[in-house]
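Pasted below: run_37.txt, compact mmCIF, N, CA and C atoms.
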# COMPACT_ATOMS: atom_id res chain seq x y z
N MET M 1 170.05 131.74 81.40
CA MET M 1 169.01 130.77 81.68
C MET M 1 167.97 130.85 80.57
N ASN M 2 167.51 129.70 80.18
CA ASN M 2 166.59 129.61 79.05
C ASN M 2 165.16 129.47 79.59
N PHE M 3 164.32 130.46 79.28
CA PHE M 3 162.91 130.43 79.73
C PHE M 3 162.02 129.96 78.58
N ASN M 4 161.56 128.73 78.68
CA ASN M 4 160.60 128.26 77.70
C ASN M 4 159.23 128.17 78.37
N SER M 5 158.21 127.78 77.63
CA SER M 5 156.85 127.80 78.18
C SER M 5 156.69 126.82 79.34
N THR M 6 157.35 125.69 79.31
CA THR M 6 157.25 124.71 80.40
C THR M 6 157.82 125.28 81.69
N THR M 7 158.91 125.95 81.61
CA THR M 7 159.54 126.54 82.79
C THR M 7 158.65 127.63 83.37
N ILE M 8 158.07 128.44 82.52
CA ILE M 8 157.21 129.53 82.97
C ILE M 8 155.96 128.97 83.63
N ILE M 9 155.33 127.96 83.03
CA ILE M 9 154.12 127.36 83.61
C ILE M 9 154.43 126.71 84.95
N THR M 10 155.55 126.01 85.03
CA THR M 10 155.95 125.38 86.29
C THR M 10 156.18 126.44 87.37
N ALA M 11 156.80 127.51 87.03
CA ALA M 11 157.06 128.58 88.00
C ALA M 11 155.76 129.21 88.48
N VAL M 12 154.81 129.44 87.58
CA VAL M 12 153.52 130.02 87.95
C VAL M 12 152.76 129.08 88.87
N VAL M 13 152.78 127.78 88.55
CA VAL M 13 152.09 126.80 89.39
C VAL M 13 152.71 126.79 90.79
N ILE M 14 154.01 126.81 90.87
CA ILE M 14 154.68 126.81 92.18
C ILE M 14 154.36 128.09 92.94
N ILE M 15 154.37 129.22 92.25
CA ILE M 15 154.08 130.50 92.90
C ILE M 15 152.65 130.52 93.45
N LEU M 16 151.72 129.89 92.74
CA LEU M 16 150.33 129.84 93.22
C LEU M 16 150.11 128.73 94.25
N ALA M 17 150.77 127.60 94.09
CA ALA M 17 150.51 126.45 94.95
C ALA M 17 151.10 126.62 96.34
N VAL M 18 152.25 127.21 96.47
CA VAL M 18 152.89 127.33 97.79
C VAL M 18 152.05 128.18 98.75
N PRO M 19 151.60 129.37 98.37
CA PRO M 19 150.75 130.12 99.31
C PRO M 19 149.44 129.39 99.63
N TYR M 20 148.87 128.72 98.61
CA TYR M 20 147.63 127.98 98.84
C TYR M 20 147.86 126.87 99.87
N LEU M 21 148.95 126.12 99.75
CA LEU M 21 149.25 125.05 100.69
C LEU M 21 149.51 125.60 102.10
N ILE M 22 150.13 126.75 102.18
CA ILE M 22 150.36 127.37 103.49
C ILE M 22 149.03 127.74 104.13
N ILE M 23 148.13 128.30 103.34
CA ILE M 23 146.80 128.66 103.85
C ILE M 23 146.05 127.40 104.29
N VAL M 24 146.13 126.35 103.49
CA VAL M 24 145.44 125.09 103.83
C VAL M 24 146.00 124.52 105.13
N LEU M 25 147.30 124.53 105.29
CA LEU M 25 147.90 123.99 106.52
C LEU M 25 147.49 124.81 107.74
N ARG M 26 147.35 126.10 107.60
CA ARG M 26 146.88 126.93 108.71
C ARG M 26 145.42 126.63 109.04
N ARG M 27 144.62 126.40 108.01
CA ARG M 27 143.19 126.16 108.21
C ARG M 27 142.89 124.78 108.80
N THR M 28 143.81 123.83 108.65
CA THR M 28 143.55 122.48 109.16
C THR M 28 143.43 122.45 110.67
N SER M 29 143.90 123.48 111.33
CA SER M 29 143.75 123.51 112.79
C SER M 29 142.28 123.71 113.19
N GLY M 30 141.50 124.37 112.33
CA GLY M 30 140.09 124.63 112.65
C GLY M 30 139.12 123.78 111.86
N PHE M 31 139.56 123.24 110.73
CA PHE M 31 138.67 122.48 109.84
C PHE M 31 139.24 121.09 109.62
N PRO M 32 138.39 120.15 109.24
CA PRO M 32 138.91 118.86 108.77
C PRO M 32 139.76 119.09 107.51
N PHE M 33 140.74 118.22 107.28
CA PHE M 33 141.70 118.46 106.21
C PHE M 33 141.05 118.62 104.84
N LEU M 34 140.12 117.73 104.49
CA LEU M 34 139.50 117.82 103.16
C LEU M 34 138.69 119.10 103.00
N LYS M 35 138.06 119.56 104.05
CA LYS M 35 137.29 120.79 103.96
C LYS M 35 138.22 122.01 103.94
N ALA M 36 139.40 121.88 104.52
CA ALA M 36 140.37 122.97 104.49
C ALA M 36 140.91 123.18 103.08
N LEU M 37 140.86 122.14 102.25
CA LEU M 37 141.31 122.27 100.86
C LEU M 37 140.38 123.14 100.04
N ASN M 38 139.10 123.24 100.45
CA ASN M 38 138.13 124.05 99.73
C ASN M 38 138.31 125.51 100.13
N PRO M 39 138.71 126.36 99.20
CA PRO M 39 138.96 127.76 99.55
C PRO M 39 137.68 128.53 99.90
N PHE M 40 136.52 127.99 99.52
CA PHE M 40 135.26 128.68 99.80
C PHE M 40 134.61 128.22 101.10
N TYR M 41 135.20 127.24 101.77
CA TYR M 41 134.65 126.73 103.02
C TYR M 41 135.03 127.71 104.13
N THR M 42 134.01 128.22 104.82
CA THR M 42 134.25 129.26 105.82
C THR M 42 134.04 128.74 107.23
N LYS M 43 134.41 129.55 108.18
CA LYS M 43 134.22 129.21 109.58
C LYS M 43 132.73 129.09 109.91
N GLU M 44 131.90 129.93 109.29
CA GLU M 44 130.45 129.86 109.50
C GLU M 44 129.89 128.52 109.02
N MET M 45 130.40 128.04 107.90
CA MET M 45 129.96 126.73 107.40
C MET M 45 130.35 125.62 108.38
N GLN M 46 131.56 125.73 108.93
CA GLN M 46 132.01 124.73 109.90
C GLN M 46 131.13 124.76 111.15
N GLU M 47 130.81 125.96 111.63
CA GLU M 47 129.95 126.08 112.80
C GLU M 47 128.55 125.52 112.52
N ALA M 48 128.03 125.77 111.31
CA ALA M 48 126.72 125.25 110.94
C ALA M 48 126.74 123.72 110.90
N ASN M 49 127.80 123.14 110.37
CA ASN M 49 127.91 121.68 110.33
C ASN M 49 127.99 121.10 111.74
N GLU M 50 128.74 121.75 112.61
CA GLU M 50 128.83 121.27 114.00
C GLU M 50 127.48 121.38 114.70
N LEU M 51 126.76 122.47 114.45
CA LEU M 51 125.43 122.64 115.03
C LEU M 51 124.47 121.56 114.53
N LYS M 52 124.52 121.26 113.24
CA LYS M 52 123.67 120.19 112.69
C LYS M 52 123.97 118.86 113.37
N LYS M 53 125.25 118.58 113.58
CA LYS M 53 125.63 117.32 114.23
C LYS M 53 125.13 117.28 115.67
N SER M 54 125.18 118.40 116.36
CA SER M 54 124.75 118.41 117.76
C SER M 54 123.24 118.35 117.89
N ILE M 55 122.52 118.90 116.92
CA ILE M 55 121.05 118.91 116.96
C ILE M 55 120.46 117.61 116.41
N SER M 56 121.22 116.88 115.62
CA SER M 56 120.73 115.68 114.96
C SER M 56 120.07 114.68 115.91
N PRO M 57 120.63 114.36 117.09
CA PRO M 57 119.95 113.41 117.98
C PRO M 57 118.60 113.93 118.46
N ILE M 58 118.49 115.22 118.69
CA ILE M 58 117.23 115.81 119.14
C ILE M 58 116.18 115.70 118.04
N VAL M 59 116.57 116.03 116.82
CA VAL M 59 115.64 115.95 115.69
C VAL M 59 115.19 114.50 115.47
N ASP M 60 116.14 113.56 115.59
CA ASP M 60 115.78 112.14 115.45
C ASP M 60 114.78 111.72 116.51
N GLU M 61 114.97 112.18 117.73
CA GLU M 61 114.05 111.84 118.82
C GLU M 61 112.66 112.44 118.58
N ILE M 62 112.61 113.67 118.11
CA ILE M 62 111.32 114.30 117.81
C ILE M 62 110.60 113.52 116.71
N GLU M 63 111.34 113.13 115.68
CA GLU M 63 110.74 112.36 114.58
C GLU M 63 110.24 111.01 115.10
N THR M 64 111.00 110.37 115.95
CA THR M 64 110.59 109.08 116.52
C THR M 64 109.32 109.23 117.33
N GLN M 65 109.23 110.28 118.14
CA GLN M 65 108.03 110.51 118.94
C GLN M 65 106.83 110.81 118.05
N ARG M 66 107.03 111.54 116.97
CA ARG M 66 105.94 111.86 116.05
C ARG M 66 105.40 110.58 115.41
N VAL M 67 106.30 109.72 114.98
CA VAL M 67 105.88 108.46 114.36
C VAL M 67 105.19 107.57 115.40
N ALA M 68 105.71 107.55 116.63
CA ALA M 68 105.10 106.74 117.68
C ALA M 68 103.68 107.21 117.98
N ARG M 69 103.47 108.54 118.03
CA ARG M 69 102.12 109.07 118.25
C ARG M 69 101.19 108.69 117.10
N PHE M 70 101.68 108.76 115.87
CA PHE M 70 100.90 108.38 114.70
C PHE M 70 100.48 106.92 114.81
N ILE M 71 101.42 106.04 115.13
CA ILE M 71 101.12 104.61 115.24
C ILE M 71 100.14 104.35 116.36
N LYS M 72 100.34 104.98 117.52
CA LYS M 72 99.44 104.76 118.65
C LYS M 72 98.03 105.24 118.32
N HIS M 73 97.91 106.41 117.72
CA HIS M 73 96.60 106.97 117.38
C HIS M 73 95.82 106.03 116.46
N TRP M 74 96.47 105.60 115.39
CA TRP M 74 95.76 104.76 114.42
C TRP M 74 95.57 103.33 114.93
N SER M 75 96.50 102.84 115.73
CA SER M 75 96.32 101.50 116.32
C SER M 75 95.09 101.49 117.23
N ASP M 76 94.92 102.53 118.03
CA ASP M 76 93.74 102.62 118.89
C ASP M 76 92.46 102.62 118.06
N LYS M 77 92.45 103.36 116.98
CA LYS M 77 91.25 103.43 116.12
C LYS M 77 90.95 102.06 115.50
N PHE M 78 91.98 101.40 114.99
CA PHE M 78 91.76 100.12 114.32
C PHE M 78 91.37 99.03 115.32
N GLU M 79 92.01 99.01 116.46
CA GLU M 79 91.75 97.95 117.44
C GLU M 79 90.39 98.11 118.11
N ASN M 80 89.88 99.32 118.19
CA ASN M 80 88.58 99.57 118.83
C ASN M 80 87.45 99.76 117.81
N ASN M 81 87.72 99.49 116.53
CA ASN M 81 86.73 99.63 115.45
C ASN M 81 86.07 101.01 115.45
N ARG M 82 86.87 102.05 115.58
CA ARG M 82 86.35 103.42 115.60
C ARG M 82 86.76 104.22 114.38
N LEU M 83 87.02 103.55 113.28
CA LEU M 83 87.44 104.24 112.06
C LEU M 83 86.22 104.92 111.43
N THR M 84 86.34 106.22 111.16
CA THR M 84 85.23 106.98 110.59
C THR M 84 85.58 107.45 109.18
N VAL M 85 84.60 108.03 108.54
CA VAL M 85 84.80 108.57 107.19
C VAL M 85 85.85 109.68 107.23
N GLN M 86 85.80 110.52 108.26
CA GLN M 86 86.78 111.60 108.39
C GLN M 86 88.20 111.03 108.55
N ASP M 87 88.32 109.92 109.26
CA ASP M 87 89.63 109.29 109.43
C ASP M 87 90.16 108.80 108.09
N VAL M 88 89.30 108.18 107.30
CA VAL M 88 89.71 107.68 106.00
C VAL M 88 90.10 108.84 105.09
N GLU M 89 89.33 109.92 105.15
CA GLU M 89 89.68 111.10 104.35
C GLU M 89 91.03 111.67 104.81
N SER M 90 91.27 111.64 106.12
CA SER M 90 92.56 112.09 106.65
C SER M 90 93.70 111.21 106.14
N LEU M 91 93.50 109.90 106.16
CA LEU M 91 94.53 108.99 105.65
C LEU M 91 94.74 109.19 104.15
N ASN M 92 93.66 109.40 103.41
CA ASN M 92 93.79 109.67 101.98
C ASN M 92 94.56 110.96 101.73
N ALA M 93 94.34 111.96 102.58
CA ALA M 93 95.08 113.22 102.45
C ALA M 93 96.57 112.99 102.73
N LYS M 94 96.88 112.15 103.72
CA LYS M 94 98.29 111.83 104.01
C LYS M 94 98.93 111.13 102.81
N ILE M 95 98.16 110.23 102.19
CA ILE M 95 98.68 109.55 101.00
C ILE M 95 98.94 110.57 99.89
N ALA M 96 98.02 111.50 99.71
CA ALA M 96 98.16 112.51 98.66
C ALA M 96 99.36 113.43 98.89
N GLU M 97 99.67 113.70 100.15
CA GLU M 97 100.79 114.60 100.44
C GLU M 97 102.13 113.88 100.50
N GLY M 98 102.14 112.56 100.24
CA GLY M 98 103.40 111.85 100.13
C GLY M 98 103.74 110.94 101.29
N SER M 99 102.84 110.73 102.21
CA SER M 99 103.10 109.84 103.35
C SER M 99 102.47 108.47 103.15
N ALA M 100 102.49 108.00 101.92
CA ALA M 100 101.87 106.71 101.60
C ALA M 100 102.56 105.57 102.35
N ASP M 101 103.87 105.67 102.56
CA ASP M 101 104.59 104.61 103.28
C ASP M 101 104.08 104.48 104.70
N GLN M 102 103.86 105.62 105.37
CA GLN M 102 103.34 105.58 106.74
C GLN M 102 101.97 104.93 106.78
N VAL M 103 101.09 105.35 105.89
CA VAL M 103 99.72 104.84 105.87
C VAL M 103 99.73 103.35 105.54
N ASN M 104 100.47 102.96 104.53
CA ASN M 104 100.53 101.55 104.16
C ASN M 104 101.17 100.72 105.28
N GLY M 105 102.13 101.29 105.98
CA GLY M 105 102.76 100.59 107.10
C GLY M 105 101.78 100.33 108.23
N ILE M 106 101.01 101.33 108.61
CA ILE M 106 100.05 101.16 109.70
C ILE M 106 98.92 100.22 109.29
N LEU M 107 98.52 100.28 108.02
CA LEU M 107 97.49 99.37 107.53
C LEU M 107 98.00 97.93 107.44
N ALA M 108 99.29 97.77 107.16
CA ALA M 108 99.87 96.42 107.09
C ALA M 108 99.93 95.78 108.47
N VAL M 109 100.14 96.59 109.50
CA VAL M 109 100.21 96.06 110.87
C VAL M 109 98.82 95.63 111.35
N HIS M 110 97.77 96.29 110.85
CA HIS M 110 96.40 96.01 111.28
C HIS M 110 95.56 95.58 110.08
N PRO M 111 95.52 94.27 109.78
CA PRO M 111 94.75 93.80 108.61
C PRO M 111 93.26 94.14 108.72
N GLU M 112 92.71 94.10 109.91
CA GLU M 112 91.30 94.46 110.08
C GLU M 112 91.11 95.95 109.77
N GLY M 113 92.08 96.75 110.16
CA GLY M 113 92.03 98.17 109.85
C GLY M 113 92.07 98.41 108.36
N ARG M 114 92.88 97.61 107.65
CA ARG M 114 92.94 97.75 106.18
C ARG M 114 91.58 97.42 105.58
N LYS M 115 90.91 96.39 106.10
CA LYS M 115 89.59 96.03 105.59
C LYS M 115 88.60 97.17 105.82
N MET M 116 88.61 97.73 107.04
CA MET M 116 87.71 98.86 107.33
C MET M 116 88.03 100.04 106.43
N PHE M 117 89.31 100.33 106.27
CA PHE M 117 89.75 101.44 105.42
C PHE M 117 89.28 101.24 103.99
N ASN M 118 89.46 100.03 103.46
CA ASN M 118 89.05 99.75 102.08
C ASN M 118 87.53 99.86 101.91
N LEU M 119 86.77 99.38 102.89
CA LEU M 119 85.30 99.47 102.80
C LEU M 119 84.83 100.92 102.78
N ILE M 120 85.34 101.70 103.72
CA ILE M 120 84.94 103.12 103.79
C ILE M 120 85.42 103.86 102.55
N ASN M 121 86.63 103.53 102.09
CA ASN M 121 87.16 104.17 100.89
C ASN M 121 86.30 103.85 99.67
N GLU M 122 85.82 102.60 99.58
CA GLU M 122 84.94 102.21 98.48
C GLU M 122 83.62 102.97 98.54
N GLU M 123 83.08 103.14 99.75
CA GLU M 123 81.84 103.92 99.91
C GLU M 123 82.06 105.35 99.46
N LEU M 124 83.18 105.93 99.85
CA LEU M 124 83.49 107.31 99.44
C LEU M 124 83.62 107.41 97.92
N ARG M 125 84.26 106.41 97.32
CA ARG M 125 84.42 106.42 95.86
C ARG M 125 83.05 106.33 95.17
N LEU M 126 82.18 105.46 95.69
CA LEU M 126 80.85 105.32 95.09
C LEU M 126 80.03 106.59 95.24
N LYS M 127 80.14 107.25 96.40
CA LYS M 127 79.43 108.52 96.61
C LYS M 127 79.95 109.58 95.64
N ALA M 128 81.25 109.63 95.46
CA ALA M 128 81.84 110.61 94.54
C ALA M 128 81.38 110.35 93.12
N GLU M 129 81.33 109.08 92.72
CA GLU M 129 80.86 108.75 91.38
C GLU M 129 79.38 109.12 91.22
N ALA M 130 78.58 108.89 92.27
CA ALA M 130 77.16 109.25 92.21
C ALA M 130 76.99 110.75 92.07
N LEU M 131 77.80 111.53 92.79
CA LEU M 131 77.72 112.98 92.67
C LEU M 131 78.10 113.45 91.27
N VAL M 132 79.13 112.85 90.71
CA VAL M 132 79.55 113.23 89.36
C VAL M 132 78.46 112.86 88.36
N LEU M 133 77.88 111.69 88.51
CA LEU M 133 76.81 111.25 87.61
C LEU M 133 75.59 112.16 87.74
N ALA M 134 75.25 112.54 88.97
CA ALA M 134 74.12 113.44 89.18
C ALA M 134 74.39 114.81 88.55
N ALA M 135 75.60 115.28 88.68
CA ALA M 135 75.95 116.57 88.09
C ALA M 135 75.90 116.51 86.57
N GLU M 136 76.33 115.41 86.00
CA GLU M 136 76.30 115.26 84.54
C GLU M 136 74.86 115.20 84.03
N THR M 137 74.00 114.45 84.73
CA THR M 137 72.60 114.37 84.28
C THR M 137 71.91 115.71 84.45
N GLU M 138 72.28 116.43 85.48
CA GLU M 138 71.70 117.76 85.70
C GLU M 138 72.10 118.70 84.57
N GLU M 139 73.34 118.61 84.11
CA GLU M 139 73.82 119.45 83.02
C GLU M 139 73.10 119.10 81.72
N THR M 140 72.92 117.81 81.48
CA THR M 140 72.26 117.43 80.22
C THR M 140 70.79 117.82 80.22
N THR M 141 70.10 117.74 81.36
CA THR M 141 68.70 118.15 81.40
C THR M 141 68.58 119.66 81.29
N ALA M 142 69.55 120.39 81.79
CA ALA M 142 69.52 121.84 81.68
C ALA M 142 69.74 122.28 80.22
N LEU M 143 70.51 121.53 79.48
CA LEU M 143 70.77 121.86 78.07
C LEU M 143 69.57 121.56 77.19
N VAL M 144 68.74 120.60 77.58
CA VAL M 144 67.59 120.21 76.75
C VAL M 144 66.47 121.12 77.01
Mind turning the file's structure into structure tokens?
Amino acid sequence: MNFNSTTIITAVVIILAVPYLIIVLRRTSGFPFLKALNPFYTKEMQEANELKKSISPIVDEIETQRVARFIKHWSDKFENNRLTVQDVESLNAKIAEGSADQVNGILAVHPEGRKMFNLINEELRLKAEALVLAAETEETTALV
């Protein structure tokens, strides 16, 4: 029999592939077929994925309730004209932490609330500019 490089490579591939396929076929009883092909996919990973799937509806419900409370809280404030400076600062903080979509969404639903928010925000901006200007003039008078 003539052993050339092609024959040797084919034999090595078959020697490695057959046990791997046997292992994959045994694992398909506990894992989905595509995940059974991954030799690093473990039973713990499968259990974690199943747990995530079972907890997903609960997490979705908690998120829905959180958003509903947010909407109700701010709707009450806007509809009763009870928006305060602290509320605007709170909304600005939410925008800064990445919840701009939520804030813009609630302001879009309540146009009067957006007007109140913009007015108070403008007052805060003017106060901040006045403080900066006062601090700058204080520094220049201290230097003279």
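In this structure, atom N of Asn38 of chain M sits 7.4 Å away from atom CA of Val24 of chain M.
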Exercise for the section: Skip segment 43-53 of chain M itself and residues of its chain fewer than 2 positions away, then list as a list in words all residues within 8 Å of it, counting all atoms listed in the file. Expected result: Gly30, Phe31, Pro32, Phe40, Tyr41, Ile55, Ser56, Pro57 and Ile58 of chain M
Next, write the just-selected residues to a file, as a short mmCIF file (atom, residue, chain, number, x, y, z; two decimals), in the coordinates of the input, keeping N, CA and C atoms as the atom set.
data_model
loop_
_atom_site.label_atom_id
_atom_site.label_comp_id
_atom_site.auth_asym_id
_atom_site.auth_seq_id
_atom_site.Cartn_x
_atom_site.Cartn_y
_atom_site.Cartn_z
N GLY M 30 141.50 124.37 112.33
CA GLY M 30 140.09 124.63 112.65
C GLY M 30 139.12 123.78 111.86
N PHE M 31 139.56 123.24 110.73
CA PHE M 31 138.67 122.48 109.84
C PHE M 31 139.24 121.09 109.62
N PRO M 32 138.39 120.15 109.24
CA PRO M 32 138.91 118.86 108.77
C PRO M 32 139.76 119.09 107.51
N PHE M 40 136.52 127.99 99.52
CA PHE M 40 135.26 128.68 99.80
C PHE M 40 134.61 128.22 101.10
N TYR M 41 135.20 127.24 101.77
CA TYR M 41 134.65 126.73 103.02
C TYR M 41 135.03 127.71 104.13
N ILE M 55 122.52 118.90 116.92
CA ILE M 55 121.05 118.91 116.96
C ILE M 55 120.46 117.61 116.41
N SER M 56 121.22 116.88 115.62
CA SER M 56 120.73 115.68 114.96
C SER M 56 120.07 114.68 115.91
N PRO M 57 120.63 114.36 117.09
CA PRO M 57 119.95 113.41 117.98
C PRO M 57 118.60 113.93 118.46
N ILE M 58 118.49 115.22 118.69
CA ILE M 58 117.23 115.81 119.14
C ILE M 58 116.18 115.70 118.04
#
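Atom CA of Lys127 of chain M lies 19.3 Å from atom CA of Ala96 of chain M.
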Practice task
Return as JSON, numbers by chain the full set of residues in segment 16-115 of chain M whose backbone-based DSSP assignment is helix (DSSP H, G or I).
Solution key: {"M": [16, 17, 18, 19, 20, 21, 22, 23, 24, 25, 26, 27, 33, 34, 35, 36, 43, 44, 45, 46, 47, 48, 49, 50, 51, 52, 53, 54, 55, 56, 57, 58, 59, 60, 61, 62, 63, 64, 65, 66, 67, 68, 69, 70, 71, 72, 73, 74, 75, 76, 77, 78, 79, 85, 86, 87, 88, 89, 90, 91, 92, 93, 94, 95, 96, 100, 101, 102, 103, 104, 105, 106, 107, 108, 109, 111, 112, 113, 114, 115]}
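Closest approach to Arg69 of chain M among M:Leu83, M:Ile106, M:Glu136, M:Thr42 is made by M:Ile106 (distances from only C-alpha atoms).
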